[in-house]
Amino acid sequence: MARQGRSGETKMEGELLALTYGAVVARVLKDYERTDEVNAQLDKMGYNIGVRIIDDFLAKNRHGRCKNMQETAEAIQSAFKQYINVQPQVGKWNDAQNSFSLTLDTNPLTSFVELPAELSRLYYCQLFCGIIRGALEMVQLETKVQIVADNLKGSNVTEIRISFVKKLVDALPVGED
Amino acid sequence: MVVYNLYILGKNGQSLFYREWLREQSSNLSRDEEDKLMVGLLFSLSNFAKKMSSSPGTGVFKSFNTSKYKLHYWESPTGIKLVLNTSTDVEPCHDHLSTLYHHIFIQTVVKNPLVPLTEPINSSLFVTKLDAFIKQQTFFQD
Amino acid sequence: MESYTLFEYFHNELANWKGFGADKDEHISILEDIGYKVGISLCENMCKDRPRFKEEVDVLRFLCRDFWELCFRRSANSLKTDNAGTYVIQDSEFRTLTALSSGKQFLTDAPKFLAYPCGLLRGALFALTLNAHVTVEVTQIPAAKFKIDILRK
Amino acid sequence: MPVDRFFIVSKSGGLIYSYDNAAACPSVEQTLGFPLPFELDVVDGKIEVVYGEQDGIKTGQVLLNYNEHEVSGTVVRDGSQTGTPVLTLLADKANYPVNLRFGLPKMSSNEKIIMASTFHTVFAFSCQLSPMTGSSGIKAMDCGSFKFFCFQSPTGTKFICQTDTRVTDERAESFLEKCYEIYSDYALKNPFYSLEMPIRADLFDIHLKSSIELVDRPLMRS
């Protein structure tokens with residue numbers, strides 16, 4: 001039996017993740033009536049993943065906390081490349097330089113997915129939003145993360161908008177000065 | 001060269017872990033009280049380092065020593081705090097603490113969804129690996 | 001490969017997710033079912049350019065090497081059979097269990113981390129035209145013993 | 001000069017002497033349009049950059065001037081009675097462009113007093129948390145860009161100095177012990193000096209300064 005080459009391996013691994021995710025979305029859709037509830041569940045799953053995978057990312061890249069949104073954007077860009085093998089573009093900064101978009105030309109999660117019309121309110125990639133939000137929260141950044149362009153709904157890219165909300169302060173346990 | 005004890009404290013000062021290899025003096029406080037004291041100490045020292053440095057962002061508390069022990073401190077970017085107390089002749093061991101975090105804590109705590117990140121660690125695999133790691137170090141003497 | 005890392009953290013979340021089913025048994029059954037569906041697609045994709053397997057044991061060998069490699073990042077340790085349709089695959093360091101413990105701790109939670117893999121295996125076998133019953137036994141984490149019973153029509 | 005700051009803390013935690021020769025951090029001035037590219041928040045009563053470092057304006061820097069007027073705490077001294085809260089002014093687009101100066105302010109006397117008392121407490125905790133019996137409090141501290149040393153006399157008075165990273169533990173210890181001698185000669189032996197009160201004696205200052213210079217010299221030879 002011939003061994004698959006490197007790119008073949010990466011592709012198949014990407015499929016493992018994409019197929020698993022697809023099956024999970026289908027299951028969650030079965031369990032919840034309203035699509036915004038489904039979006040919330042996918043976001044929560046993502047959040048739980050994000051608060052842990054951030055440590056993996058920071059450890060593997062010997063990264064410290066980012067000092068501004070530009071560094072944060074670069075780090076997220078590099079994380080996408082590392083974990084799903086696709087490098088998004090960073091752009092569309094606002095005037096205050098604290099909000100930007102990540103644009104994915106190809107989205108490995110949605111390669112084989114076709115969204116039926118009745119699920120137009122589903123944000124299929126909401127998992128990514130949760131992951132990013134959870135990960136950033138662990139380095140003391142509260143952010144709002146939303147999908148603003150969806151390649152399953154007519155756009156040819158997936159665009160995720162990340163906006164700074166506030167810097168979280170390291171809290172001491174109750175009772176400390 | 002001797003290793004005395006290790007504290008691991010969470011992002012918000014929670015007690016996550018404590019282990020001692022050699023301790024001759026107890027603080028006469030409960031585990032919880034002692035951890036809170038340690039958190040307060042670290043918080044004060046980190047603030048102190050930040051305020052006293054003449055260049056912004058460069059003052060970072062790393063270690064201190066008294067006549068009898070040296071306290072080494074390392075904090076992950078996600079706020080997990082590692083404190084290792086050793087004898088005073090041990091060189092700064094931040095590399096060891098970061099290795100402990102990257103290779104042991106992440107692999108057995110972060111990667112185990114059954115262990116919450118905000119409560120005392122109850123993974124015996126973590127303890128086994130930690131113990132083995134510390135005992136391997138040149139500064140550990142049985 | 002890092003993309004496997006994301007899958008690992010995702011699987012961890014699924015194993016521990018409280019939203020699948022009302023109790024532990026339902027949770028395990030749902031995870032197994034998800035695994036089954038994915039196993040079928042994954043295996044079909046893997047094998048579409050390969051020649052057909054000559055014998056049943058070749059399918060099992062493929063399962064515990066190539067398929068295991070893709071899904072669990074290693075080959076299984078051993079494959080045994082009674083030559084009457086029952087196979088036992090042993091993996092001394094099963095990937096979804098290695099971070100949990102090395103012994104008895106969390107043993108009662110182990111089924112949650114094995115449900116999806118069992119489903120994957122059952123689905124893969126189905127894709128290769130074998131209907132099978134897949135169960136797993138763990139007495140000491142992270143060693144897992146999978147038992148595959150090929151169902152004859 | 002490797003000794004940036006020197007303090008004497010009485011046994012009850014009061015600051016009785018302070019010497020501050022820490023280099024001032026160069027300040028950065030910029031004219032900025034709305035909205036600001038970084039995040040400001042009130043930290044310890046001052047307006048600080050908490051995130052969004054750019055163009056020389058660094059995290060941790062404090063707002064010193066607003067349109068050429070001094071900022072004190074969270075208000076700008078613009079002639080009004082209590083000063084105007086700066087964050088309110090910065091939130092209003094109509095006030096832009098603004099000229100802001102950031103930097104690290106010199107430590108105020110009050111801050112030094114608080115620092116002394118905090119250190120005094122921390123020193124006590126470090127004894128309490130010692131895993132070995134008979135430990136002293138903190139003798140030396142590594143803070144990345146500087147070091148901090150403390151010598152406690154048998155009577156409980158603490159002699160503390162902040163130095164650059166080149167100073168060794170031995171040199172710092174001998175410096176602080178010398179300071180203790182100076183204190184004993186020119187403060188304690190001075191009939192007009194009351195214990196636990198701030199030291200105001202020229203002879204003390206002179207001897208202390210020359211002692212600080214001595215810490216320099218061996219380093220220049222190496």
# chains A, B, ... in the order shown; residues from 1 in each chain; ligands from 1

call {"tool": "residues_around", "arguments": {"residues": "Ala99 of chain C", "least_positions_apart": "5", "cutoff": "9 Å", "atoms": "only C-alpha atoms", "output": "short mmCIF file (atom, residue, chain, number, x, y, z; two decimals) with all heavy atoms, in the first residue's frame"}}
result
data_model
loop_
_atom_site.label_atom_id
_atom_site.label_comp_id
_atom_site.auth_asym_id
_atom_site.auth_seq_id
_atom_site.Cartn_x
_atom_site.Cartn_y
_atom_site.Cartn_z
N GLN B 107 0.40 19.40 28.46
CA GLN B 107 0.09 18.06 27.99
C GLN B 107 -0.82 17.28 28.90
O GLN B 107 -1.55 16.41 28.46
CB GLN B 107 1.39 17.25 27.76
CG GLN B 107 2.32 17.83 26.72
CD GLN B 107 1.61 18.10 25.41
OE1 GLN B 107 0.79 17.32 24.93
NE2 GLN B 107 1.89 19.24 24.79
N THR B 108 -0.80 17.55 30.19
CA THR B 108 -1.64 16.75 31.08
C THR B 108 -2.79 17.51 31.72
O THR B 108 -3.69 16.91 32.28
CB THR B 108 -0.80 16.13 32.22
OG1 THR B 108 -0.21 17.20 32.96
CG2 THR B 108 0.30 15.24 31.68
N VAL B 109 -2.76 18.82 31.68
CA VAL B 109 -3.85 19.57 32.31
C VAL B 109 -4.69 20.27 31.25
O VAL B 109 -5.90 20.05 31.15
CB VAL B 109 -3.30 20.59 33.34
CG1 VAL B 109 -4.41 21.44 33.92
CG2 VAL B 109 -2.56 19.87 34.45
N VAL B 110 -4.03 21.07 30.41
CA VAL B 110 -4.77 21.79 29.38
C VAL B 110 -5.41 20.82 28.39
O VAL B 110 -6.53 21.02 27.94
CB VAL B 110 -3.84 22.79 28.64
CG1 VAL B 110 -4.56 23.47 27.50
CG2 VAL B 110 -3.29 23.83 29.62
N LYS B 111 -4.67 19.74 28.10
CA LYS B 111 -5.19 18.79 27.13
C LYS B 111 -6.13 17.75 27.72
O LYS B 111 -6.56 16.85 27.01
CB LYS B 111 -4.02 18.06 26.46
CG LYS B 111 -3.77 18.60 25.07
CD LYS B 111 -2.76 17.81 24.32
CE LYS B 111 -3.06 17.94 22.84
NZ LYS B 111 -1.99 17.38 22.03
N ASN B 112 -6.41 17.87 29.01
CA ASN B 112 -7.34 16.94 29.63
C ASN B 112 -8.60 17.70 30.01
O ASN B 112 -8.62 18.43 30.99
CB ASN B 112 -6.70 16.31 30.88
CG ASN B 112 -7.61 15.31 31.55
OD1 ASN B 112 -8.79 15.21 31.23
ND2 ASN B 112 -7.06 14.54 32.48
N LEU B 125 -1.49 11.91 36.73
CA LEU B 125 -0.48 11.87 35.66
C LEU B 125 0.38 13.13 35.71
O LEU B 125 1.60 13.08 35.54
CB LEU B 125 -1.18 11.77 34.29
CG LEU B 125 -0.29 11.66 33.07
CD1 LEU B 125 0.55 10.40 33.13
CD2 LEU B 125 -1.12 11.66 31.79
N PRO C 142 -3.29 4.49 29.35
CA PRO C 142 -4.03 4.72 28.12
C PRO C 142 -4.12 3.50 27.18
O PRO C 142 -4.26 3.67 25.99
CB PRO C 142 -3.18 5.81 27.46
CG PRO C 142 -1.78 5.50 27.88
CD PRO C 142 -1.88 4.83 29.22
#

call {"tool": "select_by_dssp", "arguments": {"residues": "chain A", "states": "alpha helix (DSSP H)", "output": "PyMOL selection string"}}
result
chain A and resi 6-31+35-61+69-84+126-137

call {"tool": "select_by_dssp", "arguments": {"residues": "chain B", "states": "strand (DSSP E or B)", "output": "NGL selection string"}}
result
:B and (3-9 or 15-20 or 59-65 or 70-75 or 81-86)

call {"tool": "interface_residues", "arguments": {"of": "chain A", "to": "chain C", "cutoff": "9 Å", "atoms": "only C-alpha atoms", "output": "ChimeraX atom specification"}}
result
/A:1-3,9-10,12-17,19-24,27-28,31,41,45-46,48-50,52-53,56,81-85

call {"tool": "residues_around", "arguments": {"residues": "Ala24 of chain D", "least_positions_apart": "3", "cutoff": "12 Å", "atoms": "only C-alpha atoms", "output": "mmCIF file with N, CA and C atoms, in the first residue's frame"}}
result
data_model
loop_
_atom_site.group_PDB
_atom_site.id
_atom_site.type_symbol
_atom_site.label_atom_id
_atom_site.label_comp_id
_atom_site.auth_asym_id
_atom_site.auth_seq_id
_atom_site.Cartn_x
_atom_site.Cartn_y
_atom_site.Cartn_z
ATOM 1 N N MET B 52 8.780 50.602 39.557
ATOM 2 C CA MET B 52 10.134 51.085 39.817
ATOM 3 C C MET B 52 11.015 51.097 38.567
ATOM 4 N N SER B 53 10.563 50.488 37.487
ATOM 5 C CA SER B 53 11.442 50.460 36.323
ATOM 6 C C SER B 53 11.384 51.799 35.611
ATOM 7 N N SER B 54 12.536 52.174 35.026
ATOM 8 C CA SER B 54 12.569 53.500 34.418
ATOM 9 C C SER B 54 12.157 53.459 32.957
ATOM 10 N N SER B 55 11.850 52.290 32.470
ATOM 11 C CA SER B 55 11.444 52.201 31.080
ATOM 12 C C SER B 55 10.151 51.378 31.066
ATOM 13 N N PRO B 56 9.111 51.856 30.377
ATOM 14 C CA PRO B 56 7.809 51.192 30.538
ATOM 15 C C PRO B 56 7.840 49.732 30.089
ATOM 16 N N ASP D 4 20.387 53.495 41.429
ATOM 17 C CA ASP D 4 19.363 54.432 40.982
ATOM 18 C C ASP D 4 18.580 55.036 42.133
ATOM 19 N N ASP D 20 16.828 59.575 45.117
ATOM 20 C CA ASP D 20 16.287 59.118 43.843
ATOM 21 C C ASP D 20 17.088 59.706 42.703
ATOM 22 N N ASN D 21 17.865 58.863 42.050
ATOM 23 C CA ASN D 21 18.623 59.330 40.903
ATOM 24 C C ASN D 21 18.272 58.517 39.669
ATOM 25 N N SER D 27 10.063 61.266 27.461
ATOM 26 C CA SER D 27 8.636 61.307 27.165
ATOM 27 C C SER D 27 8.426 61.425 25.654
ATOM 28 N N GLY D 103 4.707 59.481 29.164
ATOM 29 C CA GLY D 103 6.002 59.088 29.725
ATOM 30 C C GLY D 103 5.788 58.442 31.069
ATOM 31 N N LEU D 104 6.867 58.288 31.788
ATOM 32 C CA LEU D 104 6.742 57.760 33.141
ATOM 33 C C LEU D 104 7.064 58.896 34.094
ATOM 34 N N PRO D 105 6.121 59.248 34.960
ATOM 35 C CA PRO D 105 6.409 60.367 35.868
ATOM 36 C C PRO D 105 7.424 59.932 36.918
ATOM 37 N N LYS D 106 8.099 60.903 37.468
ATOM 38 C CA LYS D 106 9.029 60.601 38.563
ATOM 39 C C LYS D 106 8.195 60.149 39.749
ATOM 40 N N MET D 107 8.806 59.348 40.570
ATOM 41 C CA MET D 107 8.071 58.875 41.752
ATOM 42 C C MET D 107 7.806 60.049 42.692
#

call {"tool": "closest_residue", "arguments": {"among": "A:Leu122, A:Met69, A:Ala96, A:Cys129", "to": "Gln146 of chain A", "atoms": "only C-alpha atoms"}}
result
A:Cys129

call {"tool": "interface_residues", "arguments": {"of": "chain A", "to": "chain D", "cutoff": "12 Å", "atoms": "only C-alpha atoms", "output": "NGL selection string"}}
result
:A and (65-73 or 93-99 or 139-142 or 164-169 or 177)

call {"tool": "atom_distance", "arguments": {"atom1": "atom CA of Asn85 of chain B", "atom2": "atom CA of Pro131 of chain D"}}
result
7.7 Å

call {"tool": "interface_residues", "arguments": {"of": "chain D", "to": "chain B", "cutoff": "9 Å", "atoms": "only C-alpha atoms", "output": "JSON, numbers by chain"}}
result
{"D": [22, 23, 24, 25, 26, 58, 59, 60, 61, 103, 104, 106, 107, 115, 118, 119, 121, 122, 125, 126, 127, 128, 129, 130, 131, 132, 133, 134, 135, 136, 137, 138, 139, 140, 141, 142, 143, 144, 145, 146, 148, 162]}

call {"tool": "residues_around", "arguments": {"residues": "Gln141 of chain B", "least_positions_apart": "5", "cutoff": "10 Å", "atoms": "only C-alpha atoms", "output": "PyMOL selection string"}}
result
chain B and resi 1-3+21+134-136

call {"tool": "write_last_selection", "arguments": {"atoms": "N, CA and C atoms", "output": "tab-separated table (two decimals), in the first residue's frame"}}
result
chain	number	residue	atom	x	y	z
B	1	MET	N	22.54	22.05	46.56
B	1	MET	CA	21.37	22.60	45.84
B	1	MET	C	20.14	21.75	46.15
B	2	VAL	N	19.11	22.40	46.57
B	2	VAL	CA	17.91	21.67	46.99
B	2	VAL	C	16.65	22.35	46.47
B	3	VAL	N	15.64	21.54	46.16
B	3	VAL	CA	14.34	22.09	45.79
B	3	VAL	C	13.42	21.93	46.99
B	21	TRP	N	8.94	19.05	48.55
B	21	TRP	CA	9.92	17.99	48.59
B	21	TRP	C	10.70	18.06	49.90
B	134	ILE	N	11.21	17.23	38.11
B	134	ILE	CA	11.96	17.95	39.14
B	134	ILE	C	13.13	17.09	39.62
B	135	LYS	N	12.87	15.81	39.80
B	135	LYS	CA	13.93	14.93	40.32
B	135	LYS	C	15.08	14.77	39.34
B	136	GLN	N	14.78	14.98	38.07
B	136	GLN	CA	15.82	14.88	37.05
B	136	GLN	C	16.75	16.07	37.04

call {"tool": "atom_distance", "arguments": {"atom1": "atom CA of Glu55 of chain C", "atom2": "atom CA of Trp68 of chain C"}}
result
18.8 Å

call {"tool": "interface_residues", "arguments": {"of": "chain B", "to": "chain A", "cutoff": "6 Å", "atoms": "only C-alpha atoms", "output": "PyMOL selection string"}}
result
chain B and resi 12-13+77-78+102+110

call {"tool": "closest_atom_pairs", "arguments": {"of": "segment 13-115 of chain A", "to": "segment 158-163 of chain A", "cutoff": "6 Å", "atoms": "only C-alpha atoms", "output": "JSON lines"}}
result
{"residue": "A:Ser99", "atom": "CA", "partner": "A:Ser163", "partner_atom": "CA", "distance": 4.1}
{"residue": "A:Phe100", "atom": "CA", "partner": "A:Ile162", "partner_atom": "CA", "distance": 5.5}
{"residue": "A:Ser101", "atom": "CA", "partner": "A:Arg161", "partner_atom": "CA", "distance": 4.4}
{"residue": "A:Leu102", "atom": "CA", "partner": "A:Ile160", "partner_atom": "CA", "distance": 5.1}
{"residue": "A:Thr103", "atom": "CA", "partner": "A:Glu159", "partner_atom": "CA", "distance": 4.4}
{"residue": "A:Leu104", "atom": "CA", "partner": "A:Thr158", "partner_atom": "CA", "distance": 5.1}

call {"tool": "atom_distance", "arguments": {"atom1": "atom CA of Ala143 of chain C", "atom2": "atom CA of Pro117 of chain C"}}
result
13.8 Å

call {"tool": "residues_around", "arguments": {"residues": "Val86 of chain A", "least_positions_apart": "6", "cutoff": "8 Å", "atoms": "only C-alpha atoms", "output": "PyMOL selection string"}}
result
chain A and resi 80+104+106-108

call {"tool": "residues_around", "arguments": {"residues": "segment 172-189 of chain D", "least_positions_apart": "6", "cutoff": "10 Å", "atoms": "only C-alpha atoms", "output": "ChimeraX atom specification"}}
result
/D:3,6,8,139-140,147-153,157-163,195,198-209,211-212,214-215

call {"tool": "closest_residue", "arguments": {"among": "B:Gly79, B:Pro113, B:Pro120, B:Gly10", "to": "chain C", "atoms": "only C-alpha atoms"}}
result
B:Pro113

call {"tool": "residues_around", "arguments": {"residues": "segment 126-129 of chain C", "least_positions_apart": "2", "cutoff": "7 Å", "atoms": "only C-alpha atoms", "output": "MDAnalysis selection string"}}
result
chainID C and resid 40 43:44 122:124 131

call {"tool": "write_last_selection", "arguments": {"atoms": "N, CA and C atoms", "output": "PDB file, in the first residue's frame"}}
result
ATOM      1  N   ILE C  40     -17.331   6.574   7.775  1.00  0.00           N
ATOM      2  CA  ILE C  40     -17.710   6.129   6.426  1.00  0.00           C
ATOM      3  C   ILE C  40     -17.109   7.072   5.369  1.00  0.00           C
ATOM      4  N   CYS C  43     -13.182   7.091   5.293  1.00  0.00           N
ATOM      5  CA  CYS C  43     -12.590   5.882   4.745  1.00  0.00           C
ATOM      6  C   CYS C  43     -12.831   5.789   3.244  1.00  0.00           C
ATOM      7  N   GLU C  44     -14.017   6.177   2.825  1.00  0.00           N
ATOM      8  CA  GLU C  44     -14.308   6.176   1.384  1.00  0.00           C
ATOM      9  C   GLU C  44     -13.316   7.065   0.653  1.00  0.00           C
ATOM     10  N   ARG C 122     -16.170   1.635  13.167  1.00  0.00           N
ATOM     11  CA  ARG C 122     -17.353   0.955  12.635  1.00  0.00           C
ATOM     12  C   ARG C 122     -17.723   1.525  11.275  1.00  0.00           C
ATOM     13  N   GLY C 123     -17.618   2.847  11.151  1.00  0.00           N
ATOM     14  CA  GLY C 123     -17.937   3.491   9.877  1.00  0.00           C
ATOM     15  C   GLY C 123     -16.936   3.113   8.803  1.00  0.00           C
ATOM     16  N   ALA C 124     -15.661   3.081   9.171  1.00  0.00           N
ATOM     17  CA  ALA C 124     -14.628   2.724   8.199  1.00  0.00           C
ATOM     18  C   ALA C 124     -14.858   1.313   7.675  1.00  0.00           C
ATOM     19  N   ASN C 131     -19.891  -5.172   7.812  1.00  0.00           N
ATOM     20  CA  ASN C 131     -20.753  -4.743   8.923  1.00  0.00           C
ATOM     21  C   ASN C 131     -20.143  -5.276  10.188  1.00  0.00           C
TER      22      ASN C 131
END

call {"tool": "decode", "arguments": {"residues": "segment 73-98 of chain C", "atoms": "N, CA and C atoms", "output": "compact mmCIF listing (two decimals), in the first residue's frame"}}
result
# COMPACT_ATOMS: atom_id res chain seq x y z
N ARG C 73 -2.84 9.10 14.87
CA ARG C 73 -1.44 9.49 14.77
C ARG C 73 -0.43 8.40 15.08
N ARG C 74 -0.78 7.16 14.97
CA ARG C 74 0.17 6.06 15.18
C ARG C 74 -0.46 4.80 14.64
N SER C 75 0.28 3.72 14.61
CA SER C 75 -0.31 2.44 14.26
C SER C 75 -0.66 1.73 15.55
N ALA C 76 -1.65 0.89 15.48
CA ALA C 76 -2.01 0.11 16.67
C ALA C 76 -0.87 -0.88 16.94
N ASN C 77 -0.81 -1.37 18.17
CA ASN C 77 0.29 -2.27 18.52
C ASN C 77 0.14 -3.67 17.96
N SER C 78 -1.09 -4.20 18.02
CA SER C 78 -1.23 -5.58 17.56
C SER C 78 -2.63 -5.87 17.06
N LEU C 79 -2.67 -6.83 16.17
CA LEU C 79 -3.95 -7.28 15.61
C LEU C 79 -4.00 -8.79 15.76
N LYS C 80 -5.07 -9.26 16.43
CA LYS C 80 -5.19 -10.72 16.59
C LYS C 80 -6.56 -11.14 16.08
N THR C 81 -6.63 -12.36 15.63
CA THR C 81 -7.93 -12.83 15.17
C THR C 81 -8.13 -14.30 15.51
N ASP C 82 -9.39 -14.67 15.61
CA ASP C 82 -9.68 -16.09 15.86
C ASP C 82 -10.03 -16.79 14.55
N ASN C 83 -9.82 -16.01 13.46
CA ASN C 83 -10.12 -16.51 12.12
C ASN C 83 -11.59 -16.88 11.92
N ALA C 84 -12.43 -16.41 12.81
CA ALA C 84 -13.86 -16.67 12.65
C ALA C 84 -14.64 -15.38 12.73
N GLY C 85 -14.02 -14.30 12.30
CA GLY C 85 -14.72 -13.03 12.22
C GLY C 85 -14.55 -12.12 13.42
N THR C 86 -13.75 -12.54 14.42
CA THR C 86 -13.51 -11.65 15.55
C THR C 86 -12.05 -11.19 15.54
N TYR C 87 -11.87 -9.92 15.70
CA TYR C 87 -10.52 -9.35 15.71
C TYR C 87 -10.32 -8.54 16.98
N VAL C 88 -9.08 -8.54 17.47
CA VAL C 88 -8.77 -7.71 18.63
C VAL C 88 -7.61 -6.80 18.26
N ILE C 89 -7.83 -5.50 18.37
CA ILE C 89 -6.76 -4.53 18.09
C ILE C 89 -6.36 -3.90 19.41
N GLN C 90 -5.06 -3.96 19.68
CA GLN C 90 -4.59 -3.34 20.93
C GLN C 90 -3.73 -2.13 20.63
N ASP C 91 -3.97 -1.08 21.44
CA ASP C 91 -3.15 0.11 21.32
C ASP C 91 -2.75 0.50 22.75
N SER C 92 -1.45 0.42 23.03
CA SER C 92 -1.00 0.65 24.40
C SER C 92 -1.03 2.13 24.80
N GLU C 93 -1.09 3.01 23.79
CA GLU C 93 -1.12 4.44 24.11
C GLU C 93 -2.15 5.11 23.24
N PHE C 94 -3.40 4.76 23.47
CA PHE C 94 -4.43 5.28 22.60
C PHE C 94 -4.55 6.79 22.71
N ARG C 95 -4.51 7.42 21.54
CA ARG C 95 -4.37 8.86 21.48
C ARG C 95 -5.37 9.67 22.29
N THR C 96 -6.61 9.26 22.30
CA THR C 96 -7.58 10.10 23.00
C THR C 96 -7.51 9.92 24.52
N LEU C 97 -6.66 8.97 24.97
CA LEU C 97 -6.57 8.71 26.40
C LEU C 97 -5.26 9.18 27.04
N THR C 98 -4.24 9.45 26.21
CA THR C 98 -2.91 9.69 26.79
C THR C 98 -2.83 10.90 27.71
